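One file, final-v6.cif, is given below (mmCIF, C-alpha atoms, pLDDT in the B column; chains and numbers go by the auth columns).
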data_protein
#
loop_
_atom_site.group_PDB
_atom_site.id
_atom_site.type_symbol
_atom_site.label_atom_id
_atom_site.label_comp_id
_atom_site.label_asym_id
_atom_site.label_seq_id
_atom_site.Cartn_x
_atom_site.Cartn_y
_atom_site.Cartn_z
_atom_site.B_iso_or_equiv
_atom_site.auth_seq_id
_atom_site.auth_asym_id
ATOM 1 C CA ASN A 1 12.446 14.405 -6.344 51.00 1 A
ATOM 2 C CA ASN A 2 10.574 11.922 -8.525 55.00 2 A
ATOM 3 C CA HIS A 3 7.044 13.137 -9.293 62.00 3 A
ATOM 4 C CA ASN A 4 6.090 9.834 -10.905 77.00 4 A
ATOM 5 C CA LEU A 5 7.196 7.494 -8.138 84.00 5 A
ATOM 6 C CA GLN A 6 5.341 4.190 -8.207 94.00 6 A
ATOM 7 C CA ALA A 7 4.906 1.999 -5.135 96.00 7 A
ATOM 8 C CA ASN A 8 6.205 -1.139 -6.873 95.00 8 A
ATOM 9 C CA THR A 9 9.451 0.657 -7.842 94.00 9 A
ATOM 10 C CA VAL A 10 10.179 1.105 -4.139 93.00 10 A
ATOM 11 C CA LEU A 11 9.439 -2.566 -3.332 95.00 11 A
ATOM 12 C CA ASN A 12 11.532 -3.839 -6.262 92.00 12 A
ATOM 13 C CA LEU A 13 14.480 -1.678 -5.153 92.00 13 A
ATOM 14 C CA LEU A 14 14.031 -2.653 -1.503 92.00 14 A
ATOM 15 C CA ARG A 15 14.048 -6.344 -2.461 91.00 15 A
ATOM 16 C CA ASP A 16 17.233 -5.958 -4.525 89.00 16 A
ATOM 17 C CA LYS A 17 19.008 -4.124 -1.707 89.00 17 A
ATOM 18 C CA THR A 18 17.775 -6.613 0.927 87.00 18 A
ATOM 19 C CA MET A 19 18.966 -9.591 -1.119 86.00 19 A
ATOM 20 C CA ARG A 20 22.348 -7.919 -1.641 85.00 20 A
ATOM 21 C CA ALA A 21 22.688 -7.014 2.056 86.00 21 A
ATOM 22 C CA LEU A 22 21.804 -10.573 3.133 84.00 22 A
ATOM 23 C CA HIS A 23 23.974 -12.108 0.361 82.00 23 A
ATOM 24 C CA GLN A 24 20.967 -13.994 -1.005 81.00 24 A
ATOM 25 C CA THR A 25 21.767 -15.642 -4.327 77.00 25 A
ATOM 26 C CA GLY A 26 19.319 -18.554 -4.257 75.00 26 A
ATOM 27 C CA LYS A 27 21.824 -21.213 -3.183 75.00 27 A
ATOM 28 C CA ILE A 28 20.476 -23.996 -0.965 72.00 28 A
ATOM 29 C CA GLY A 29 21.197 -23.450 2.715 72.00 29 A
ATOM 30 C CA GLU A 30 21.596 -19.667 2.710 70.00 30 A
ATOM 31 C CA ALA A 31 19.395 -17.383 4.833 71.00 31 A
ATOM 32 C CA ALA A 32 15.908 -17.078 3.336 74.00 32 A
ATOM 33 C CA ASP A 33 15.054 -14.077 5.504 77.00 33 A
ATOM 34 C CA GLY A 34 12.625 -11.533 4.157 83.00 34 A
ATOM 35 C CA MET A 35 9.772 -9.296 5.174 90.00 35 A
ATOM 36 C CA ASP A 36 6.191 -8.515 4.302 94.00 36 A
ATOM 37 C CA VAL A 37 5.333 -4.955 3.296 95.00 37 A
ATOM 38 C CA ALA A 38 2.399 -2.814 2.202 97.00 38 A
ATOM 39 C CA PHE A 39 3.554 0.444 0.622 97.00 39 A
ATOM 40 C CA CYS A 40 1.572 3.418 -0.678 97.00 40 A
ATOM 41 C CA VAL A 41 2.361 6.601 -2.568 96.00 41 A
ATOM 42 C CA LEU A 42 -0.331 9.297 -2.529 94.00 42 A
ATOM 43 C CA ASN A 43 -0.069 11.865 -5.336 90.00 43 A
ATOM 44 C CA LYS A 44 0.176 15.503 -4.269 85.00 44 A
ATOM 45 C CA ASP A 45 -3.336 16.244 -5.540 88.00 45 A
ATOM 46 C CA ARG A 46 -4.579 13.344 -3.371 88.00 46 A
ATOM 47 C CA LYS A 47 -6.605 11.870 -6.215 94.00 47 A
ATOM 48 C CA ILE A 48 -4.374 8.900 -7.120 96.00 48 A
ATOM 49 C CA LEU A 49 -2.929 6.300 -4.739 97.00 49 A
ATOM 50 C CA HIS A 50 -0.255 3.818 -5.806 97.00 50 A
ATOM 51 C CA TYR A 51 -0.084 0.606 -3.750 98.00 51 A
ATOM 52 C CA ALA A 52 2.237 -2.388 -3.896 98.00 52 A
ATOM 53 C CA GLY A 53 2.317 -5.266 -1.432 97.00 53 A
ATOM 54 C CA ALA A 54 4.613 -8.098 -0.451 96.00 54 A
ATOM 55 C CA PHE A 55 2.027 -10.420 1.187 95.00 55 A
ATOM 56 C CA ASN A 56 0.306 -7.459 2.962 97.00 56 A
ATOM 57 C CA PRO A 57 -2.891 -6.201 1.270 98.00 57 A
ATOM 58 C CA LEU A 58 -4.596 -2.805 1.263 98.00 58 A
ATOM 59 C CA ILE A 59 -8.213 -2.338 2.306 98.00 59 A
ATOM 60 C CA LEU A 60 -10.020 0.745 1.024 98.00 60 A
ATOM 61 C CA PHE A 61 -13.481 1.980 1.962 98.00 61 A
ATOM 62 C CA GLN A 62 -14.908 4.083 -0.830 98.00 62 A
ATOM 63 C CA GLY A 63 -18.526 5.190 -0.896 95.00 63 A
ATOM 64 C CA GLY A 64 -19.354 2.715 1.876 95.00 64 A
ATOM 65 C CA GLU A 65 -17.884 -0.223 -0.062 97.00 65 A
ATOM 66 C CA LEU A 66 -14.903 -2.345 1.014 98.00 66 A
ATOM 67 C CA ILE A 67 -12.385 -2.835 -1.796 98.00 67 A
ATOM 68 C CA GLU A 68 -9.417 -5.099 -1.131 98.00 68 A
ATOM 69 C CA TYR A 69 -6.242 -4.847 -3.195 98.00 69 A
ATOM 70 C CA ARG A 70 -4.361 -8.101 -2.873 97.00 70 A
ATOM 71 C CA ALA A 71 -0.627 -8.204 -2.360 97.00 71 A
ATOM 72 C CA ASP A 72 1.790 -10.198 -4.468 95.00 72 A
ATOM 73 C CA ARG A 73 2.496 -13.536 -2.802 93.00 73 A
ATOM 74 C CA MET A 74 6.234 -12.972 -2.461 91.00 74 A
ATOM 75 C CA PRO A 75 8.365 -11.328 0.211 89.00 75 A
ATOM 76 C CA ILE A 76 10.960 -8.578 0.224 91.00 76 A
ATOM 77 C CA GLY A 77 13.969 -10.901 -0.008 85.00 77 A
ATOM 78 C CA ILE A 78 14.716 -14.173 -1.769 80.00 78 A
ATOM 79 C CA HIS A 79 11.710 -15.952 -3.238 78.00 79 A
ATOM 80 C CA TYR A 80 12.170 -19.423 -4.638 71.00 80 A
ATOM 81 C CA GLY A 81 9.374 -18.938 -7.145 68.00 81 A
ATOM 82 C CA GLY A 82 11.560 -16.330 -8.874 69.00 82 A
ATOM 83 C CA GLU A 83 11.650 -12.593 -8.382 74.00 83 A
ATOM 84 C CA LYS A 84 8.947 -11.134 -10.582 89.00 84 A
ATOM 85 C CA PRO A 85 8.409 -7.365 -10.360 92.00 85 A
ATOM 86 C CA PHE A 86 5.830 -6.338 -7.777 96.00 86 A
ATOM 87 C CA THR A 87 2.427 -5.214 -9.068 97.00 87 A
ATOM 88 C CA ASN A 88 1.688 -1.484 -8.949 97.00 88 A
ATOM 89 C CA HIS A 89 -2.001 -0.804 -8.261 98.00 89 A
ATOM 90 C CA VAL A 90 -3.115 2.651 -9.429 97.00 90 A
ATOM 91 C CA ILE A 91 -6.197 3.585 -7.416 98.00 91 A
ATOM 92 C CA PRO A 92 -8.404 6.668 -7.911 97.00 92 A
ATOM 93 C CA VAL A 93 -9.272 7.995 -4.443 98.00 93 A
ATOM 94 C CA ASN A 94 -11.554 10.680 -3.066 97.00 94 A
ATOM 95 C CA ARG A 95 -11.669 12.913 -0.037 95.00 95 A
ATOM 96 C CA GLY A 96 -13.282 10.924 2.798 96.00 96 A
ATOM 97 C CA ASP A 97 -12.045 7.505 1.604 98.00 97 A
ATOM 98 C CA THR A 98 -10.518 5.421 4.399 98.00 98 A
ATOM 99 C CA LEU A 99 -7.628 3.045 3.769 98.00 99 A
ATOM 100 C CA TYR A 100 -5.829 0.473 5.895 98.00 100 A
ATOM 101 C CA ILE A 101 -2.485 -1.236 5.533 98.00 101 A
ATOM 102 C CA PHE A 102 -1.425 -3.704 8.194 98.00 102 A
ATOM 103 C CA SER A 103 0.854 -6.556 9.209 96.00 103 A
ATOM 104 C CA ASP A 104 -0.518 -10.067 9.787 96.00 104 A
ATOM 105 C CA GLY A 105 -0.109 -9.865 13.580 97.00 105 A
ATOM 106 C CA TYR A 106 -3.761 -9.058 14.306 98.00 106 A
ATOM 107 C CA THR A 107 -5.254 -11.702 11.988 97.00 107 A
ATOM 108 C CA ASP A 108 -2.769 -14.401 13.095 97.00 108 A
ATOM 109 C CA GLN A 109 -3.552 -13.980 16.813 98.00 109 A
ATOM 110 C CA PHE A 110 -4.870 -17.108 18.518 97.00 110 A
ATOM 111 C CA GLY A 111 -7.816 -16.736 20.879 97.00 111 A
ATOM 112 C CA GLY A 112 -11.572 -16.633 21.067 96.00 112 A
ATOM 113 C CA PRO A 113 -13.667 -19.485 22.465 95.00 113 A
ATOM 114 C CA GLU A 114 -12.009 -22.061 20.141 95.00 114 A
ATOM 115 C CA GLY A 115 -8.394 -20.877 20.541 95.00 115 A
ATOM 116 C CA VAL A 116 -8.040 -20.290 16.771 97.00 116 A
ATOM 117 C CA LYS A 117 -6.593 -17.477 14.626 97.00 117 A
ATOM 118 C CA TYR A 118 -8.628 -14.253 14.357 98.00 118 A
ATOM 119 C CA LYS A 119 -8.467 -14.520 10.525 97.00 119 A
ATOM 120 C CA MET A 120 -8.782 -12.002 7.718 97.00 120 A
ATOM 121 C CA ALA A 121 -12.557 -12.433 7.276 98.00 121 A
ATOM 122 C CA ASN A 122 -13.166 -11.316 10.878 98.00 122 A
ATOM 123 C CA PHE A 123 -10.779 -8.382 10.437 98.00 123 A
ATOM 124 C CA ARG A 124 -12.601 -7.254 7.254 98.00 124 A
ATOM 125 C CA ASN A 125 -15.948 -7.503 9.081 98.00 125 A
ATOM 126 C CA LEU A 126 -14.634 -5.486 12.024 98.00 126 A
ATOM 127 C CA LEU A 127 -13.277 -2.740 9.750 98.00 127 A
ATOM 128 C CA THR A 128 -16.616 -2.670 7.889 98.00 128 A
ATOM 129 C CA GLU A 129 -18.377 -2.026 11.209 98.00 129 A
ATOM 130 C CA ILE A 130 -16.054 0.800 12.295 98.00 130 A
ATOM 131 C CA TYR A 131 -14.387 2.492 9.254 98.00 131 A
ATOM 132 C CA TYR A 132 -16.694 5.553 9.306 98.00 132 A
ATOM 133 C CA ARG A 133 -16.008 6.369 12.969 98.00 133 A
ATOM 134 C CA PRO A 134 -13.364 8.877 14.112 98.00 134 A
ATOM 135 C CA MET A 135 -9.877 7.347 13.848 97.00 135 A
ATOM 136 C CA ILE A 136 -9.176 7.507 17.609 97.00 136 A
ATOM 137 C CA GLU A 137 -12.401 5.602 18.262 98.00 137 A
ATOM 138 C CA GLN A 138 -11.367 2.974 15.704 98.00 138 A
ATOM 139 C CA ARG A 139 -8.045 2.551 17.483 98.00 139 A
ATOM 140 C CA ASN A 140 -9.805 1.952 20.801 98.00 140 A
ATOM 141 C CA ILE A 141 -12.225 -0.549 19.245 98.00 141 A
ATOM 142 C CA LEU A 142 -9.364 -2.443 17.534 98.00 142 A
ATOM 143 C CA GLU A 143 -7.362 -2.580 20.777 98.00 143 A
ATOM 144 C CA ASN A 144 -10.354 -3.729 22.844 98.00 144 A
ATOM 145 C CA GLU A 145 -11.378 -6.381 20.291 98.00 145 A
ATOM 146 C CA PHE A 146 -7.808 -7.688 20.182 98.00 146 A
ATOM 147 C CA ALA A 147 -7.533 -7.884 23.981 98.00 147 A
ATOM 148 C CA LYS A 148 -10.891 -9.682 24.190 97.00 148 A
ATOM 149 C CA TRP A 149 -9.877 -12.156 21.451 98.00 149 A
ATOM 150 C CA LYS A 150 -6.423 -12.838 22.918 97.00 150 A
ATOM 151 C CA GLY A 151 -7.809 -13.355 26.401 96.00 151 A
ATOM 152 C CA THR A 152 -5.147 -14.754 28.725 95.00 152 A
ATOM 153 C CA GLY A 153 -3.042 -16.098 25.845 95.00 153 A
ATOM 154 C CA SER A 154 0.245 -14.613 24.668 96.00 154 A
ATOM 155 C CA GLN A 155 0.499 -12.184 21.781 97.00 155 A
ATOM 156 C CA VAL A 156 1.975 -14.200 18.900 95.00 156 A
ATOM 157 C CA ASP A 157 3.429 -11.433 16.701 95.00 157 A
ATOM 158 C CA ASP A 158 3.988 -7.715 16.361 95.00 158 A
ATOM 159 C CA ILE A 159 0.960 -5.744 15.190 97.00 159 A
ATOM 160 C CA THR A 160 0.908 -2.726 12.921 97.00 160 A
ATOM 161 C CA ILE A 161 -2.303 -1.227 11.573 98.00 161 A
ATOM 162 C CA ILE A 162 -2.194 2.092 9.740 98.00 162 A
ATOM 163 C CA GLY A 163 -5.551 3.686 9.003 98.00 163 A
ATOM 164 C CA VAL A 164 -5.769 6.878 6.952 97.00 164 A
ATOM 165 C CA ARG A 165 -8.779 8.984 6.101 97.00 165 A
ATOM 166 C CA LEU A 166 -8.125 11.043 2.984 95.00 166 A
#
Please go through the file and, once you have read it, give me the structure as structure tokens.
Amino acid sequence: NNHNLQANTVLNLLRDKTMRALHQTGKIGEAADGMDVAFCVLNKDRKILHYAGAFNPLILFQGGELIEYRADRMPIGIHYGGEKPFTNHVIPVNRGDTLYIFSDGYTDQFGGPEGVKYKMANFRNLLTEIYYRPMIEQRNILENEFAKWKGTGSQVDDITIIGVRL
């Protein structure tokens, strides 16, 4: 029952436990498995959001403006650049703000007329066009845009997008 839980504390602990479970010590040749994560803690009063990310960013729409909080460029698991603590972003939030955390499956999808990745810039633009709409409508738009982009190609990765309106 920790009232001061920070998002980076969870990621640091998760990394330690993952490395222990996978017996990752940094020796050459051992499994370098890991995962990308975006993790948030919303204070009970809903005025402060803590965010920490392992490669996966957070996008927040506040007062009509897109604010992106970048993730640390290291995974949950062994990282050969050394295991620095994850950054804890402390973000003042307001009722009506809309936030998104997501995996890279949507942005990494190949398709479109050129057969290239969808890319983060296109994803940001799409969210900017739809963030104010009802959440169910946003889901439908995201699904339709993805299907159109993918066309007859195969889906390359799993996709998770979590959108929350405070």
Within 9 Å of region 2-16 of chain A, counting all atoms listed in the file, which residues qualify if same-chain residues fewer than 6 places away don't, as a PyMOL selection string?
-> chain A and resi 34+37-41+43-44+49-54+75-78+83-90
Near region 151-156 of chain A, counting all atoms listed in the file, which residues have an atom at most 12 Å away, once you skip same-chain residues fewer than 3 positions from it, shown as a PyMOL selection string?
-> chain A and resi 104-118+144-148+159
Find the spatial neighbours of Leu142 (chain A), counting all atoms listed in the file, within a cut-off of 12 Å - ignore same-chain residues fewer than 6 positions away - and output them as a list in words.
-> Tyr106, Thr107, Asn122, Phe123, Arg124, Asn125, Leu126, Leu127, Glu129, Ile130, Tyr131, Arg133, Met135, Ile136, Lys148, Trp149, Ile159, Thr160, Ile161, Ile162 and Gly163 of chain A
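With CA of Leu42 (chain A) on one side and CA of Arg95 (chain A) on the other, the separation reads 12.2 Å.
If you look at CA of Gln62 (chain A) and CA of Thr98 (chain A), they are 7.0 Å away from each other.
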Work out how far CA of His79 (chain A) is from CA of Asp33 (chain A), in Å to one decimal.
-> 9.5 Å
Expected selection from the PyMOL selection byres ((chain A and resi 47) around 7), given as number ranges by chain | A: 43, 45-46, 48-49, 92-94
